[in-house]
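Note sheet for the following structure.
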2 protein chains.
Amino acid sequence: MARYVKTVDIGSSSSAYYAPATVTSQGGVIHIAGQPGTTKNGKAPDHYESQIQLALFNLRKVIIASGASVHDILKLTLYIVNYDPDRRLHTRHVQTFLAGHRPAITLVPVSQLAVKSWLFEIDAVVAKPEAKIPIIGGPTTSTKSVDVVIVGAGLAGLTAAHEVLKAGFSCVVLEARDRVGGRTYSQKLTGGETVDLGAAWINDTNQSRIFALAQKIGAELVEQNTTGDCVLQDTEGNVSTFPYGELPNFDEATKQNIAFIRDTTEADCQAVSCASPQSGANAHFDSMSFATYLRSKGATENAIKTATVWTRAMLGHEPEDISALFFLNYCKSGGGLLQMRSDRKGGGQHLRFRQGTQSLALGLARSLPEEVVQLSSAVDSIWQLGPHHAVIKTGGQAYQARKVISAVPPPVLQKVAFNPPLPTEKQILINSFFYGCYQKVLVVFKEPFWVKKGLCGLAQSFNGPIAVIRDTSVPADNKWILTCFMAGAPGRAWAQIPDAEERKRKVLQQVAQIYSEPKAQDELFLDIATWEWNNDNLSGYGCPSSSLPPGALDSVGHTLREPFGNVHFIGTETAEEWKGYMEGAIRSGERGAKEAVDELSRFVAKL
Amino acid sequence: MARYVKTVDIGSSSSAYYAPATVTSQGGVIHIAGQPGTTKNGKAPDHYESQIQLALFNLRKVIIASGASVHDILKLTLYIVNYDPDRRLHTRHVQTFLAGHRPAITLVPVSQLAVKSWLFEIDAVVAKPEAKIPIIGGPTTSTKSVDVVIVGAGLAGLTAAHEVLKAGFSCVVLEARDRVGGRTYSQKLTGGETVDLGAAWINDTNQSRIFALAQKIGAELVEQNTTGDCVLQDTEGNVSTFPYGELPNFDEATKQNIAFIRDTTEADCQAVSCASPQSGANAHFDSMSFATYLRSKGATENAIKTATVWTRAMLGHEPEDISALFFLNYCKSGGGLLQMRSDRKGGGQHLRFRQGTQSLALGLARSLPEEVVQLSSAVDSIWQLGPHHAVIKTGGQAYQARKVISAVPPPVLQKVAFNPPLPTEKQILINSFFYGCYQKVLVVFKEPFWVKKGLCGLAQSFNGPIAVIRDTSVPADNKWILTCFMAGAPGRAWAQIPDAEERKRKVLQQVAQIYSEPKAQDELFLDIATWEWNNDNLSGYGCPSSSLPPGALDSVGHTLREPFGNVHFIGTETAEEWKGYMEGAIRSGERGAKEAVDELSRFVAKL
């Protein structure tokens, strides 16, 4: 007879005399052992907040390995050494971890923990969800057979489709939305302006794939304006200007500190491997948040505020929430912090699309044979019945395929049922990806009042809710547009204002402050447009790219691009180069398609 | 689809990032977050024991809100700051809270808790009882329809019946016992003496309702004897005498302290509002026990012993267990501590009934039309199907009514199934009411030997098991009786002696000691009678009135008299004036009947 109590083990935990978790064999409740804030090598960093974040990641690992999720937690008990009631540093991290779920919690200050260096430990009781047993049969209307099923018709998936077809194999692209393009999304405003509510920028230097595609579809590109001064709005709301490419007018010591932090980040980022960031001497950067990294480098207040603008505008995150290694690797994938943030030649934000970036996906889709792209076809489950034999189910339709290429963003992939289930480490990685708050608001004006003031339009704000503004005008069309990045914590607070008019008012008010132009709020204003990515379930509630907290990359990052049987994984998060950019999406599509095509070719050769 | 993990919220708790409790949506187990000893405003009193009591009340709140009860607790974990193993102050309060239930418990001494002022915290794992779903249909033999169903044929319920009929509406009174009278209960002894095993005293001054009823039924009243000295028995068992109305012969300092405590209690009690005790400046008295109140006023040992006699003889409770505010309000309802405790004109114990107090209920019942009072009809469930439409089920019989008046004591009301369920706050209040230990032992003697010694018969004892003795003789009948109040902790210890002869021997021995009359144990003794209210399930295992621990009155006390849909609540615990007395029962019956009649009149007027 089977034992009533089953242990849950991960890694080498079965050699310990206790289990990471136990569960009754008939389901019910999972009990999770105290999880300390240690790295995968069992080392606890000296830094308290880093231990909190690692403990939460370790807890997530055990929860996922137990077949449950964070939303199944019934009770948490926090054990804290040297607890300071006036400085409750755990709350933000626990809240971020819980993502809105509200378990019962008890906090227990303790004089010490099991190991001298441990400062934080957390245990949990978790409800064991009933095993989802999707039925492979069921009311499927018909089954179609293709060589490859590609899930997701964004730039990654559509690129993969072209590659698969080019290699002589058949494929279908299943897209949950009623449109192609994924996180590229262009809309025409009433005034005739096309605006990009999602991805917008490319360059013609080191983004060879996307530039080639842009040329192929005959896209008209507009160069980003970097002539004129930039604006900095400080925490008090005061504005000052400075030449593009230079530092704002802080005192000399502050300038030196900011330059040092920028250059140190750049240097550390250059030392990271794009292909395998978690390996080598940099792994310890994954045991801390980017904020902790900054402080460890001696960042002063204004340097941290400056770096906060980086993470907000690039990922929608606060530096406190994301792994330092993840951020360094993210930057490195775009050639480094400076290049990725640059609006000039070779930079991440150099060229825009006069007709919008969704034209790329539309162009790719149009050049595919009919019926390859199936819209409104959300994949529910992926079955692997054997080598080169998968069944992909979407509503009433089933597809048989030899290979599957998933271009699904990690936060959405969590919801696809895999049978057999994804390997635990890959589940942990997918489950660890989380979006920040990120939403572009595009404001159309009668005239480029900022240009008349000698400004290039680029602005950054320490206080928000707008973190960064970029000029996205099309002078040839006489269209004058500012793109406001509502991002990070102030962006989230803004997005939660219930009244749309009030949100609009706040945006225009800040624009008027930043450019010292009161008329921006009324007589110069023409139109406003946005897309609430954080409410978009099909992107996984976010944009542009989901991020990782401390611990994940070092521990399970190696599974990022690992295929699982017949299933290959693409999408901008999986890119080695230009993560979070359209270039990364296309490169990932090429890579995933090559993996599948190579295996298919070997298979066919054996037949 | 329902979330697997459901949160339980009370008050404004949903704004916090954690929940007071979680439960799996399929039942199973409830996990309760650490509950500190804070008042409803979140303030932790400085006093450690008060925090314990408030934490336990807060735990009770969450348990009730989760749909469970204290008897469903599986595990408690206690976190204690500055724990002193030689002074385990928590045990008595946890035991009182558990009321005989025995969960697993772990005690964790900690150096601090989440908030600086917290000294005690408790969390719990609780079994979720399977939802009781009583069936409204079922094997009901027949359904009768009346305007009002009254539950309980004590003085409150029978008074309400008269009022309802007087207003022209029909009613039925459903009584679980095979007799009327509730907590009034008169028995005739073999010698022909009628003794009151329950409520006994009234007055003719400020108890207008009960006095009018007594006159109406032609009751013969006997004035309480206050001529002669009283006796005090100290902790060592030594006795001394003092004139009625004066203080015992302590040294001058002790006398002054006792007088100060008495007068302070009287003054604070006069400041409480009978109608709304929890409002106003006195609410803080609910964050402490009456014992803590006494100590905070500087009560010395003998003053505390004196006050302990008050709470024992009045409520069967120790001062440690009941809320100070509850006790002050209880006294205030009877005109104040002094008046409620007085045996003289206007006092609580001024007049007795030669034929016993149950004659009141019997008289009320006899003057009702036949079939209005239904004995042996315990109500199982109360259904509210809509405005002016309720179904009341008792065994195989169902009653349809427009209104329900419940005269059920709170501890019994806990067991009636309400559909829809009672509002959570009212459930919490009802569930918080608890009886102390209280049992009258009536001893019949051949002669009033105490009178011959110049005593009035009134005695109080610091050591017990008898807390107070009162002369309840009827000189006109040549019946000489002492009523011994076995109450509080010593009373409970006595009641738990298995052998009835041994219990009797202890009573007679203490009587002999108190009156220095050894013959009281044998040759003067005639008969003895008692009723074990603490074993009486139909009073809810207690008498005369259930009490509240710290926290309840302030937090949910406002729901005491609040109707719930068609259901109105009466009974001596709900009285504004003369709580715990027959006068309070009658006044509550009048009030509840008026509520129901007013609504019925409006309803009828609209027809």
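FYI, nothing fancy with the structure tokens labels: chains A, B, ... in order, residues from 1 per chain, ligands from 1 as they appear.
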
**OP:** Do a neighbour search on region 532-546 of chain B at 10 Å with only C-alpha atoms, toss out local chain neighbours closer than 4 positions, and write the hits as an NGL selection string.
**Re:** :B and (152 or 175-177 or 182-184 or 197-199 or 313-317 or 330 or 378 or 408-415 or 430 or 432-441 or 492 or 495 or 571-573 or 579-582)

So that I have them on file, write out the residues from the current selection with C-alpha atoms, as a PDB file, in the first residue's frame.
ATOM      1  CA  GLY B 152     -39.168  30.264  24.826  1.00  0.00           C
ATOM      2  CA  GLU B 175     -40.929  25.956  24.658  1.00  0.00           C
ATOM      3  CA  ALA B 176     -38.252  23.280  24.646  1.00  0.00           C
ATOM      4  CA  ARG B 177     -38.832  22.313  28.280  1.00  0.00           C
ATOM      5  CA  GLY B 182     -37.203  29.190  32.052  1.00  0.00           C
ATOM      6  CA  ARG B 183     -34.704  30.324  34.617  1.00  0.00           C
ATOM      7  CA  THR B 184     -37.430  30.662  37.244  1.00  0.00           C
ATOM      8  CA  LEU B 197     -33.927  27.111  42.560  1.00  0.00           C
ATOM      9  CA  GLY B 198     -33.657  29.912  40.009  1.00  0.00           C
ATOM     10  CA  ALA B 199     -34.622  33.593  40.117  1.00  0.00           C
ATOM     11  CA  ALA B 313     -22.772  35.854  43.636  1.00  0.00           C
ATOM     12  CA  MET B 314     -24.139  38.044  40.828  1.00  0.00           C
ATOM     13  CA  LEU B 315     -22.931  36.132  37.767  1.00  0.00           C
ATOM     14  CA  GLY B 316     -21.051  33.039  38.892  1.00  0.00           C
ATOM     15  CA  HIS B 317     -17.887  34.531  37.415  1.00  0.00           C
ATOM     16  CA  TYR B 330     -24.698  44.887  34.234  1.00  0.00           C
ATOM     17  CA  ALA B 378     -37.512  22.708  20.820  1.00  0.00           C
ATOM     18  CA  VAL B 408     -33.630  31.974  23.823  1.00  0.00           C
ATOM     19  CA  PRO B 409     -30.585  32.634  26.062  1.00  0.00           C
ATOM     20  CA  PRO B 410     -27.498  33.367  23.892  1.00  0.00           C
ATOM     21  CA  PRO B 411     -25.701  30.106  24.789  1.00  0.00           C
ATOM     22  CA  VAL B 412     -28.708  28.112  23.526  1.00  0.00           C
ATOM     23  CA  LEU B 413     -29.321  30.379  20.551  1.00  0.00           C
ATOM     24  CA  GLN B 414     -25.920  29.304  19.229  1.00  0.00           C
ATOM     25  CA  LYS B 415     -27.473  25.934  18.486  1.00  0.00           C
ATOM     26  CA  ILE B 430     -24.048  35.398  20.763  1.00  0.00           C
ATOM     27  CA  SER B 432     -19.141  35.284  23.136  1.00  0.00           C
ATOM     28  CA  PHE B 433     -21.751  35.071  25.905  1.00  0.00           C
ATOM     29  CA  PHE B 434     -20.713  32.560  28.547  1.00  0.00           C
ATOM     30  CA  TYR B 435     -21.985  31.528  31.920  1.00  0.00           C
ATOM     31  CA  GLY B 436     -19.950  31.315  35.050  1.00  0.00           C
ATOM     32  CA  CYS B 437     -20.525  28.591  37.612  1.00  0.00           C
ATOM     33  CA  TYR B 438     -23.679  29.301  39.614  1.00  0.00           C
ATOM     34  CA  GLN B 439     -25.872  27.017  41.619  1.00  0.00           C
ATOM     35  CA  LYS B 440     -28.119  27.714  44.578  1.00  0.00           C
ATOM     36  CA  VAL B 441     -28.221  25.176  47.350  1.00  0.00           C
ATOM     37  CA  ARG B 492     -17.073  24.977  40.207  1.00  0.00           C
ATOM     38  CA  ALA B 495     -19.779  21.095  41.758  1.00  0.00           C
ATOM     39  CA  GLY B 571     -34.521  37.685  27.121  1.00  0.00           C
ATOM     40  CA  THR B 572     -32.950  39.097  30.257  1.00  0.00           C
ATOM     41  CA  GLU B 573     -29.482  39.387  28.628  1.00  0.00           C
ATOM     42  CA  LYS B 579     -30.308  42.482  33.284  1.00  0.00           C
ATOM     43  CA  GLY B 580     -30.218  39.037  34.867  1.00  0.00           C
ATOM     44  CA  TYR B 581     -33.398  39.757  36.831  1.00  0.00           C
ATOM     45  CA  MET B 582     -37.023  38.841  36.179  1.00  0.00           C
TER      46      MET B 582
END

Could I get the residues of chain B with an atom no further than 7 Å from an atom of chain A, each paired with its nearest atom pair and that distance in Å to one decimal, using only C-alpha atoms, sorted by chain and residue number, as a tab-separated table?
residue	atom	partner	partner_atom	distance
B:Tyr4	CA	A:Asp72	CA	6.8
B:Val5	CA	A:Asp72	CA	5.8
B:Thr7	CA	A:Arg102	CA	6.9
B:Tyr17	CA	A:Arg102	CA	5.8
B:Tyr18	CA	A:Arg102	CA	4.4
B:Ala19	CA	A:Ala104	CA	4.9
B:Pro20	CA	A:Ala104	CA	5.6
B:Ala21	CA	A:Ala104	CA	5.0
B:Thr22	CA	A:Leu74	CA	5.5
B:Val23	CA	A:Leu74	CA	6.9
B:Thr24	CA	A:Ala127	CA	6.7
B:His31	CA	A:Lys75	CA	6.0
B:Ile32	CA	A:Ala104	CA	5.6
B:Ala33	CA	A:Ala104	CA	4.3
B:Gly34	CA	A:Thr106	CA	4.6
B:Val110	CA	A:Val110	CA	6.1
B:Ser111	CA	A:Val110	CA	6.5
B:Gln112	CA	A:Pro109	CA	5.9
B:Leu113	CA	A:Pro109	CA	5.8
B:Ala114	CA	A:Pro85	CA	5.9
B:Val115	CA	A:Pro85	CA	5.6
B:Lys116	CA	A:Pro85	CA	6.2

**OP:** Extract, using only C-alpha atoms, all DNA, RNA and protein residues at most 12 Å from Val604 (chain B), discarding same-chain residues fewer than 2 positions from it, and format them as a ChimeraX atom specification.
**Re:** /B:147,168-169,388,402,597-602,606-607

Subject >> DSSP strand (DSSP E) selection over region 412-501 of chain A, as a ChimeraX atom specification >> reply: /A:417-419,438-445,455-461,466-471,480-487

**OP:** If you run DSSP over the backbone, which residues in region 340-583 of chain B end up helix (DSSP H, G or I)? Put them as a count of residues only.
**Re:** 74

Original post:
So which residues touch Ser381 (chain A) within 9 Å, counting only C-alpha atoms, skipping near sequence neighbours fewer than 6 positions away, as a ChimeraX atom specification?
Top reply: /A:134,136,391-394,415-419

How about saving the chosen residues, C-alpha atoms kept, as a compact mmCIF listing (two decimals), in the first residue's frame?
# COMPACT_ATOMS: atom_id res chain seq x y z
CA PRO A 134 -7.87 17.57 -19.31
CA ILE A 136 -7.59 14.35 -24.76
CA VAL A 391 -1.70 16.87 -29.82
CA ILE A 392 -2.53 20.52 -29.35
CA LYS A 393 -6.05 21.40 -28.27
CA THR A 394 -7.76 24.72 -28.76
CA LYS A 415 -2.03 28.63 -17.91
CA VAL A 416 -1.49 26.06 -20.67
CA ALA A 417 -1.93 22.50 -19.43
CA PHE A 418 0.97 20.27 -20.43
CA ASN A 419 0.60 16.49 -20.50

**OP:** Find the residues near region 506-515 of chain B: any atom within 7 Å, counting only C-alpha atoms, skip ones fewer than 6 places away on the same chain, and give them as a ChimeraX atom specification.
**Re:** /B:231,233,239,450,521

Would you save the residues from that selection as an mmCIF file, in the first residue's frame, using N, CA and C atoms?
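The resulting file, again_5.cif, is reproduced below:
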data_model
loop_
_atom_site.group_PDB
_atom_site.id
_atom_site.type_symbol
_atom_site.label_atom_id
_atom_site.label_comp_id
_atom_site.auth_asym_id
_atom_site.auth_seq_id
_atom_site.Cartn_x
_atom_site.Cartn_y
_atom_site.Cartn_z
ATOM 1 N N VAL B 231 -22.139 38.183 58.255
ATOM 2 C CA VAL B 231 -20.922 37.444 58.582
ATOM 3 C C VAL B 231 -19.960 37.513 57.403
ATOM 4 N N GLN B 233 -16.582 35.476 56.115
ATOM 5 C CA GLN B 233 -15.621 34.389 56.325
ATOM 6 C C GLN B 233 -14.407 34.703 55.467
ATOM 7 N N VAL B 239 -14.284 33.642 60.872
ATOM 8 C CA VAL B 239 -15.482 34.458 60.678
ATOM 9 C C VAL B 239 -15.485 35.675 61.604
ATOM 10 N N TRP B 450 -29.357 31.292 63.250
ATOM 11 C CA TRP B 450 -28.587 32.515 62.989
ATOM 12 C C TRP B 450 -29.289 33.740 63.571
ATOM 13 N N GLN B 521 -24.885 21.009 61.033
ATOM 14 C CA GLN B 521 -24.503 19.855 60.219
ATOM 15 C C GLN B 521 -25.335 18.621 60.511
#

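Proximity of B:Leu54, B:Thr227, B:Ser170, B:Val149 to Lys453 (chain B), computed with only C-alpha atoms, is greatest for B:Thr227.
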
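With only C-alpha atoms as the atoms that count, the minimum distance from Arg561 (chain A) to the choices A:Ala575, A:Leu526, A:Ala161, A:Val180 is reached by A:Ala575.
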